[in-house]
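Source file: query-v5.pdb. Holds: PDB, C-alpha atoms.
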```pdb
ATOM      1  CA  MET A   1     -62.424 -83.709-109.101
ATOM      2  CA  ASN A   2     -63.141 -83.112-112.801
ATOM      3  CA  LEU A   3     -66.079 -81.081-114.142
ATOM      4  CA  LYS A   4     -68.337 -84.103-114.685
ATOM      5  CA  SER A   5     -67.728 -85.315-111.135
ATOM      6  CA  LYS A   6     -68.250 -81.829-109.683
ATOM      7  CA  GLN A   7     -71.627 -81.493-111.399
ATOM      8  CA  LEU A   8     -72.736 -84.863-110.057
ATOM      9  CA  ASN A   9     -71.380 -83.967-106.620
ATOM     10  CA  ARG A  10     -73.476 -80.781-106.526
ATOM     11  CA  SER A  11     -76.556 -82.747-107.573
ATOM     12  CA  ASN A  12     -75.919 -85.334-104.841
ATOM     13  CA  ASN A  13     -75.425 -82.624-102.233
ATOM     14  CA  LYS A  14     -78.927 -81.345-103.025
ATOM     15  CA  LEU A  15     -80.404 -84.864-102.727
ATOM     16  CA  ASP A  16     -78.531 -85.365 -99.476
ATOM     17  CA  LYS A  17     -80.508 -82.557 -97.832
ATOM     18  CA  ASN A  18     -83.737 -84.524 -98.294
ATOM     19  CA  LEU A  19     -82.639 -87.458 -96.115
ATOM     20  CA  PHE A  20     -84.278 -87.984 -92.745
ATOM     21  CA  PRO A  21     -81.875 -87.388 -89.793
ATOM     22  CA  GLU A  22     -81.822 -91.105 -88.909
ATOM     23  CA  TYR A  23     -80.586 -91.963 -92.409
ATOM     24  CA  VAL A  24     -77.765 -89.426 -92.463
ATOM     25  CA  PRO A  25     -75.140 -91.203 -90.245
ATOM     26  CA  VAL A  26     -75.332 -94.399 -92.326
ATOM     27  CA  MET A  27     -75.096 -92.447 -95.559
ATOM     28  CA  VAL A  28     -72.093 -90.486 -94.255
ATOM     29  CA  ASP A  29     -70.311 -93.715 -93.258
ATOM     30  CA  MET A  30     -70.925 -95.334 -96.634
ATOM     31  CA  VAL A  31     -69.707 -92.293 -98.573
ATOM     32  CA  CYS A  32     -66.661 -92.046 -96.305
ATOM     33  CA  TYR A  33     -65.872 -95.717 -97.003
ATOM     34  CA  LEU A  34     -66.239 -95.123-100.752
ATOM     35  CA  ARG A  35     -63.693 -92.281-100.609
ATOM     36  CA  ALA A  36     -60.997 -94.757 -99.563
ATOM     37  CA  SER A  37     -61.835 -97.210-102.335
ATOM     38  CA  HIS A  38     -60.140 -97.726-105.701
ATOM     39  CA  LEU A  39     -63.100 -96.153-107.522
ATOM     40  CA  SER A  40     -62.702 -92.931-109.471
ATOM     41  CA  GLU A  41     -64.375 -89.854-108.042
ATOM     42  CA  TYR A  42     -66.941 -89.994-110.831
ATOM     43  CA  HIS A  43     -67.905 -93.594-110.004
ATOM     44  CA  GLN A  44     -67.981 -92.695-106.302
ATOM     45  CA  GLU A  45     -70.541 -90.013-107.067
ATOM     46  CA  ILE A  46     -72.519 -92.433-109.270
ATOM     47  CA  VAL A  47     -72.691 -94.916-106.377
ATOM     48  CA  ARG A  48     -73.557 -92.116-103.973
ATOM     49  CA  GLN A  49     -76.413 -91.070-106.266
ATOM     50  CA  ASP A  50     -77.751 -94.636-106.397
ATOM     51  CA  LEU A  51     -77.550 -94.950-102.608
ATOM     52  CA  LEU A  52     -79.342 -91.649-102.097
ATOM     53  CA  GLU A  53     -82.137 -92.646-104.469
ATOM     54  CA  MET A  54     -82.496 -95.994-102.661
ATOM     55  CA  LEU A  55     -82.722 -94.346 -99.246
ATOM     56  CA  LEU A  56     -85.068 -91.602-100.425
ATOM     57  CA  SER A  57     -87.366 -94.251-101.908
ATOM     58  CA  ALA A  58     -87.233 -96.159 -98.605
ATOM     59  CA  GLN A  59     -88.210 -92.966 -96.790
ATOM     60  CA  GLU A  60     -91.265 -92.538 -98.961
ATOM     61  CA  ARG A  61     -92.340 -96.134 -98.309
ATOM     62  CA  GLY A  62     -91.586 -95.871 -94.600
ATOM     63  CA  ASP A  63     -89.027 -98.705 -94.761
ATOM     64  CA  SER A  64     -85.966 -98.984 -92.536
ATOM     65  CA  ILE A  65     -82.402 -98.832 -93.878
ATOM     66  CA  GLU A  66     -81.854-102.481 -92.935
ATOM     67  CA  SER A  67     -84.748-103.585 -95.128
ATOM     68  CA  VAL A  68     -83.070-101.918 -98.123
ATOM     69  CA  ILE A  69     -79.346-102.653 -97.739
ATOM     70  CA  GLY A  70     -79.196-105.166 -94.873
ATOM     71  CA  ASN A  71     -77.319-104.997 -91.586
ATOM     72  CA  ASP A  72     -73.768-105.371 -92.929
ATOM     73  CA  TYR A  73     -73.068-101.997 -94.520
ATOM     74  CA  LYS A  74     -69.406-102.797 -95.194
ATOM     75  CA  THR A  75     -70.200-105.949 -97.181
ATOM     76  CA  PHE A  76     -72.866-104.065 -99.093
ATOM     77  CA  CYS A  77     -70.367-101.364-100.051
ATOM     78  CA  ASP A  78     -67.655-103.919-100.883
ATOM     79  CA  GLU A  79     -70.005-105.660-103.320
ATOM     80  CA  ILE A  80     -70.775-102.375-105.059
ATOM     81  CA  ILE A  81     -67.085-101.435-105.250
ATOM     82  CA  ALA A  82     -66.167-104.855-106.668
ATOM     83  CA  SER A  83     -68.752-104.472-109.434
ATOM     84  CA  LEU A  84     -67.215-101.266-110.799
ATOM     85  CA  PRO A  85     -63.907-100.685-112.615
ATOM     86  CA  ALA A  86     -60.964 -99.534-110.555
ATOM     87  CA  ARG A  87     -59.025 -96.397-111.371
ATOM     88  CA  THR A  88     -56.156 -96.966-113.764
ATOM     89  CA  VAL A  89     -52.552 -96.418-112.661
ATOM     90  CA  PRO A  90     -52.321 -93.082-114.555
ATOM     91  CA  GLN A  91     -55.545 -91.936-112.872
ATOM     92  CA  ARG A  92     -54.175 -92.849-109.443
ATOM     93  CA  ILE A  93     -50.938 -90.995-110.163
ATOM     94  CA  CYS A  94     -52.866 -87.926-111.341
ATOM     95  CA  GLY A  95     -55.027 -88.101-108.210
ATOM     96  CA  ALA A  96     -51.978 -88.270-105.948
ATOM     97  CA  LEU A  97     -50.258 -85.403-107.767
ATOM     98  CA  SER A  98     -53.441 -83.319-107.682
ATOM     99  CA  THR A  99     -53.749 -83.774-103.916
ATOM    100  CA  PHE A 100     -50.037 -83.093-103.392
ATOM    101  CA  PHE A 101     -49.980 -79.826-105.353
ATOM    102  CA  GLN A 102     -53.201 -78.634-103.717
ATOM    103  CA  CYS A 103     -51.814 -79.241-100.213
ATOM    104  CA  ALA A 104     -48.403 -77.825-101.127
ATOM    105  CA  ALA A 105     -49.966 -74.645-102.535
ATOM    106  CA  ILE A 106     -52.169 -74.099 -99.469
ATOM    107  CA  LEU A 107     -49.302 -74.729 -97.033
ATOM    108  CA  SER A 108     -47.043 -72.426 -99.046
ATOM    109  CA  VAL A 109     -49.620 -69.627 -98.862
ATOM    110  CA  ILE A 110     -49.788 -70.101 -95.089
ATOM    111  CA  GLY A 111     -45.985 -70.163 -94.894
ATOM    112  CA  VAL A 112     -45.619 -66.910 -96.838
ATOM    113  CA  LEU A 113     -48.402 -65.098 -94.956
ATOM    114  CA  PHE A 114     -47.051 -65.997 -91.518
ATOM    115  CA  SER A 115     -43.357 -65.680 -92.322
ATOM    116  CA  LYS A 116     -41.512 -63.167 -90.160
ATOM    117  CA  ASP A 117     -39.755 -62.008 -93.327
ATOM    118  CA  THR A 118     -43.122 -61.037 -94.853
ATOM    119  CA  TYR A 119     -43.837 -58.806 -91.864
ATOM    120  CA  ARG A 120     -40.323 -57.351 -92.187
ATOM    121  CA  ILE A 121     -40.907 -56.583 -95.869
ATOM    122  CA  ILE A 122     -44.244 -54.868 -95.141
ATOM    123  CA  ARG A 123     -42.776 -52.888 -92.234
ATOM    124  CA  THR A 124     -39.778 -51.789 -94.278
ATOM    125  CA  ALA A 125     -41.952 -50.775 -97.236
ATOM    126  CA  PHE A 126     -43.972 -48.419 -95.019
ATOM    127  CA  THR A 127     -40.819 -46.701 -93.744
ATOM    128  CA  ASN A 128     -39.601 -45.857 -97.266
ATOM    129  CA  GLN A 129     -36.388 -47.823 -96.743
ATOM    130  CA  PRO A 130     -34.746 -50.143 -99.307
ATOM    131  CA  VAL A 131     -36.720 -53.384 -99.269
ATOM    132  CA  ASP A 132     -35.123 -56.825 -99.308
ATOM    133  CA  PHE A 133     -37.794 -59.102-100.785
ATOM    134  CA  LEU A 134     -36.067 -62.348 -99.769
ATOM    135  CA  ILE A 135     -37.864 -64.912 -97.568
ATOM    136  CA  SER A 136     -35.843 -67.442 -95.604
ATOM    137  CA  VAL A 137     -37.240 -70.964 -95.429
ATOM    138  CA  PRO A 138     -35.900 -72.993 -92.452
ATOM    139  CA  ILE A 139     -35.339 -76.736 -92.600
ATOM    140  CA  SER A 140     -38.089 -77.203 -89.998
ATOM    141  CA  SER A 141     -40.684 -75.702 -92.352
ATOM    142  CA  VAL A 142     -39.705 -77.983 -95.227
ATOM    143  CA  ILE A 143     -39.861 -81.103 -93.035
ATOM    144  CA  SER A 144     -43.074 -79.991 -91.304
ATOM    145  CA  PHE A 145     -44.844 -79.343 -94.597
ATOM    146  CA  ALA A 146     -43.847 -82.764 -95.919
ATOM    147  CA  LEU A 147     -44.979 -84.485 -92.724
ATOM    148  CA  ILE A 148     -48.278 -82.592 -92.624
ATOM    149  CA  ILE A 149     -49.125 -83.752 -96.157
ATOM    150  CA  ALA A 150     -48.089 -87.353 -95.399
ATOM    151  CA  PHE A 151     -49.896 -87.549 -92.043
ATOM    152  CA  SER A 152     -53.039 -85.922 -93.448
ATOM    153  CA  ALA A 153     -53.266 -88.493 -96.247
ATOM    154  CA  PHE A 154     -52.603 -91.341 -93.803
ATOM    155  CA  ILE A 155     -55.191 -90.170 -91.264
ATOM    156  CA  VAL A 156     -57.910 -89.627 -93.875
ATOM    157  CA  GLN A 157     -57.332 -93.076 -95.391
ATOM    158  CA  SER A 158     -57.272 -94.737 -91.959
ATOM    159  CA  ILE A 159     -60.526 -93.102 -90.869
ATOM    160  CA  CYS A 160     -62.323 -93.912 -94.128
ATOM    161  CA  LYS A 161     -61.170 -97.540 -94.229
ATOM    162  CA  THR A 162     -62.132 -98.267 -90.603
ATOM    163  CA  VAL A 163     -65.447 -96.400 -90.523
ATOM    164  CA  PHE A 164     -67.451 -99.638 -90.205
ATOM    165  CA  GLN A 165     -65.216-101.277 -87.596
ATOM    166  CA  THR A 166     -66.523-101.826 -84.089
ATOM    167  CA  GLU A 167     -65.157 -99.806 -81.188
ATOM    168  CA  LYS A 168     -63.092-102.776 -79.986
ATOM    169  CA  LYS A 169     -61.240-102.960 -83.281
ATOM    170  CA  ARG A 170     -60.637 -99.250 -83.573
ATOM    171  CA  LEU A 171     -57.580 -97.549 -82.161
ATOM    172  CA  GLY A 172     -58.066 -97.033 -78.428
ATOM    173  CA  PHE A 173     -58.007 -93.578 -76.876
ATOM    174  CA  GLY A 174     -54.828 -94.341 -74.937
ATOM    175  CA  LYS A 175     -52.917 -95.440 -78.029
ATOM    176  CA  ALA A 176     -54.252 -92.519 -80.032
ATOM    177  CA  PHE A 177     -53.174 -90.138 -77.252
ATOM    178  CA  LEU A 178     -49.659 -91.601 -77.130
ATOM    179  CA  ILE A 179     -49.324 -91.374 -80.918
ATOM    180  CA  GLY A 180     -50.526 -87.760 -80.769
ATOM    181  CA  VAL A 181     -48.007 -86.907 -78.022
ATOM    182  CA  GLY A 182     -45.240 -88.589 -80.033
ATOM    183  CA  ILE A 183     -46.121 -86.604 -83.140
ATOM    184  CA  MET A 184     -46.243 -83.353 -81.158
ATOM    185  CA  ALA A 185     -42.858 -84.085 -79.587
ATOM    186  CA  PHE A 186     -41.418 -84.829 -83.007
ATOM    187  CA  PHE A 187     -42.677 -81.526 -84.407
ATOM    188  CA  LEU A 188     -41.302 -79.654 -81.372
ATOM    189  CA  LEU A 189     -37.873 -81.213 -81.922
ATOM    190  CA  ILE A 190     -37.980 -80.175 -85.552
ATOM    191  CA  ALA A 191     -38.996 -76.639 -84.582
ATOM    192  CA  TRP A 192     -36.198 -76.452 -82.001
ATOM    193  CA  TYR A 193     -33.306 -77.996 -83.945
ATOM    194  CA  GLY A 194     -34.409 -77.246 -87.492
ATOM    195  CA  GLN A 195     -33.961 -73.468 -87.518
ATOM    196  CA  ALA A 196     -31.082 -73.639 -89.986
ATOM    197  CA  ILE A 197     -32.047 -72.041 -93.290
ATOM    198  CA  ALA A 198     -32.771 -74.524 -96.075
ATOM    199  CA  PHE A 199     -32.930 -71.846 -98.781
ATOM    200  CA  THR A 200     -33.970 -68.271 -99.457
ATOM    201  CA  VAL A 201     -36.391 -67.173-102.153
ATOM    202  CA  SER A 202     -37.813 -63.895-103.414
ATOM    203  CA  ILE A 203     -41.375 -63.278-102.260
ATOM    204  CA  TRP A 204     -42.302 -62.724-105.915
ATOM    205  CA  SER A 205     -40.791 -66.076-106.897
ATOM    206  CA  ALA A 206     -42.682 -67.698-104.022
ATOM    207  CA  CYS A 207     -45.968 -66.217-105.276
ATOM    208  CA  ILE A 208     -45.264 -67.437-108.814
ATOM    209  CA  ALA A 209     -44.427 -70.915-107.464
ATOM    210  CA  ILE A 210     -47.735 -70.971-105.559
ATOM    211  CA  LEU A 211     -49.659 -70.038-108.707
ATOM    212  CA  VAL A 212     -47.845 -72.784-110.632
ATOM    213  CA  MET A 213     -48.734 -75.333-107.945
ATOM    214  CA  PHE A 214     -52.407 -74.322-108.074
ATOM    215  CA  ALA A 215     -52.298 -74.600-111.872
ATOM    216  CA  LEU A 216     -50.745 -78.087-111.628
ATOM    217  CA  TYR A 217     -53.408 -79.076-109.093
ATOM    218  CA  LEU A 218     -56.155 -78.027-111.527
ATOM    219  CA  PHE A 219     -54.379 -79.738-114.428
ATOM    220  CA  PHE A 220     -53.962 -83.126-112.746
ATOM    221  CA  GLU A 221     -57.448 -82.897-111.238
ATOM    222  CA  ARG A 222     -58.911 -83.106-114.741
ATOM    223  CA  PHE A 223     -57.348 -86.531-115.347
ATOM    224  CA  GLU A 224     -57.766 -88.269-111.978
ATOM    225  CA  GLY A 225     -61.071 -89.818-113.045
TER     226      GLY A 225
END
```

Same coordinates, now as structure tokens:
Amino acid sequence: MNLKSKQLNRSNNKLDKNLFPEYVPVMVDMVCYLRASHLSEYHQEIVRQDLLEMLLSAQERGDSIESVIGNDYKTFCDEIIASLPARTVPQRICGALSTFFQCAAILSVIGVLFSKDTYRIIRTAFTNQPVDFLISVPISSVISFALIIAFSAFIVQSICKTVFQTEKKRLGFGKAFLIGVGIMAFFLLIAWYGQAIAFTVSIWSACIAILVMFALYLFFERFEG
């Protein structure tokens, strides 16, 4: 999210606090649906601002949400989305790269902090012995990190796109449970059979790589729209 979008986001967050409790669920659903659209983050915040002002005005008049935007929230949002320009291909690429580097940096920090080699390095340093600053990265970690990023993006998009669907059309609990069990089993297999070392890296090089990924995240964030 670029600076202009962040400023508008902060302003909208303040407006959001003035909504009556009964208005909040509808507003949350509409914003969630907008997040999965082709609109830039700036245009999403512009639409969010307009929606907030509409609902706040309705509150003051004592009108219901239906009297302002109708009963079909999805169609209402689709009409708004269709009236605004979509993100360009470069903006979409920058958005995807920004999200990727942000997730990769966070997961890498977690990986370094909880690596058994990090604990070994700290323990060795306190005993005044020669320190080997190498961290081993198993194949399972590489695959798990990639799958976590992919599944996270898929789940977020799925939830946002289906927020207005009825319960009958949504994924049933049984199917969701089976998918969850399948994913867990897959990760367990990776953890069990993927202990072979993919590569080793100095902890200092890992820290530099993390800083570079955060810098790339901030760089691409400026151009995602």

**OP:** Provide the CA of Gly95 (chain A) to CA of Glu221 (chain A) distance in Å, to one decimal place.
**Re:**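 Between CA of Gly95 (chain A) and CA of Glu221 (chain A) the gap works out to 6.5 Å.
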
**OP:** Expand the PyMOL selection byres ((chain A and resi 201) around 7) into the individual residues it matches in the shown file, reporting them as a list in words.
**Re:** Leu134, Ile135, Ser136, Phe199, Thr200, Ser202, Ile203, Ser205 and Ala206 of chain A

Original post:
Asp16 (chain A): which residues within 9 Å, counting only C-alpha atoms, same-chain residues fewer than 4 positions away excluded, as a ChimeraX atom specification?
Top reply: /A:11-12,24,27,52

**OP:** Around the point (-44.7, -67.9, -105.4) in the file's coordinates, collect all residues with an atom within 12 Å, using all atoms listed in the file, and return them as an MDAnalysis selection string.
**Re:** chainID A and resid 104:113 134:135 201:214

Original post:
Distance CA of Ile93 (chain A)-CA of Glu224 (chain A), one decimal place?
Top reply: 7.6 Å

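Every polymer residue reaching to within 10 Å of (-55.4, -94.8, -110.5), counting all atoms listed in the file, appears in this list: His38, Leu39, Ser40, Ala86, Arg87, Thr88, Val89, Pro90, Gln91, Arg92, Ile93, Cys94, Gly95, Ala96, Phe223, Glu224 and Gly225 of chain A.
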
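Across the chains present, the PyMOL selection byres ((chain A and resi 144-150) around 9) applied to this file returns Phe100, Cys103, Ala104, Leu107, Ser108, Ile139, Ser140, Ser141, Val142, Ile143, Phe151, Ser152, Ala153, Phe154, Ile155, Phe187, Ile190 and Ala191 of chain A.
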
Would you mind exporting the chosen residues as a tab-separated table (two decimals), in the coordinates of the input, restricted to C-alpha atoms?
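The resulting file, part-v2.tsv, is reproduced below:
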```
chain	number	residue	atom	x	y	z
A	100	PHE	CA	-50.04	-83.09	-103.39
A	103	CYS	CA	-51.81	-79.24	-100.21
A	104	ALA	CA	-48.40	-77.82	-101.13
A	107	LEU	CA	-49.30	-74.73	-97.03
A	108	SER	CA	-47.04	-72.43	-99.05
A	139	ILE	CA	-35.34	-76.74	-92.60
A	140	SER	CA	-38.09	-77.20	-90.00
A	141	SER	CA	-40.68	-75.70	-92.35
A	142	VAL	CA	-39.70	-77.98	-95.23
A	143	ILE	CA	-39.86	-81.10	-93.04
A	151	PHE	CA	-49.90	-87.55	-92.04
A	152	SER	CA	-53.04	-85.92	-93.45
A	153	ALA	CA	-53.27	-88.49	-96.25
A	154	PHE	CA	-52.60	-91.34	-93.80
A	155	ILE	CA	-55.19	-90.17	-91.26
A	187	PHE	CA	-42.68	-81.53	-84.41
A	190	ILE	CA	-37.98	-80.18	-85.55
A	191	ALA	CA	-39.00	-76.64	-84.58
```

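Between CA of Val26 (chain A) and CA of Lys4 (chain A) lies a distance of 25.6 Å.
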
Report as a compact mmCIF listing (two decimals) with C-alpha atoms, in the coordinates of the input the full result of the PyMOL selection byres ((chain A and resi 33) around 9) when it is applied to this structure.
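Dumped to out_28.txt:
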```txt
# COMPACT_ATOMS: atom_id res chain seq x y z
CA VAL A 28 -72.09 -90.49 -94.26
CA ASP A 29 -70.31 -93.72 -93.26
CA MET A 30 -70.92 -95.33 -96.63
CA VAL A 31 -69.71 -92.29 -98.57
CA CYS A 32 -66.66 -92.05 -96.30
CA LEU A 34 -66.24 -95.12 -100.75
CA ARG A 35 -63.69 -92.28 -100.61
CA ALA A 36 -61.00 -94.76 -99.56
CA SER A 37 -61.84 -97.21 -102.34
CA LYS A 74 -69.41 -102.80 -95.19
CA CYS A 77 -70.37 -101.36 -100.05
CA ILE A 159 -60.53 -93.10 -90.87
CA CYS A 160 -62.32 -93.91 -94.13
CA LYS A 161 -61.17 -97.54 -94.23
CA THR A 162 -62.13 -98.27 -90.60
CA VAL A 163 -65.45 -96.40 -90.52
CA PHE A 164 -67.45 -99.64 -90.20
```

Original post:
Which of these residues is nearest to Ala58 (chain A), using all atoms listed in the file: A:Phe20, A:Lys116, A:Leu216, A:Ile122?
Top reply: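 Checking each of A:Phe20, A:Lys116, A:Leu216, A:Ile122 against Ala58 (chain A), counting all atoms listed in the file, the winner is A:Phe20.
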
Subject >> Residue nearest Gln165 (chain A) among A:Asp72, A:Tyr23, A:Ile46, A:Ile80 (counting only C-alpha atoms) >> reply: A:Asp72
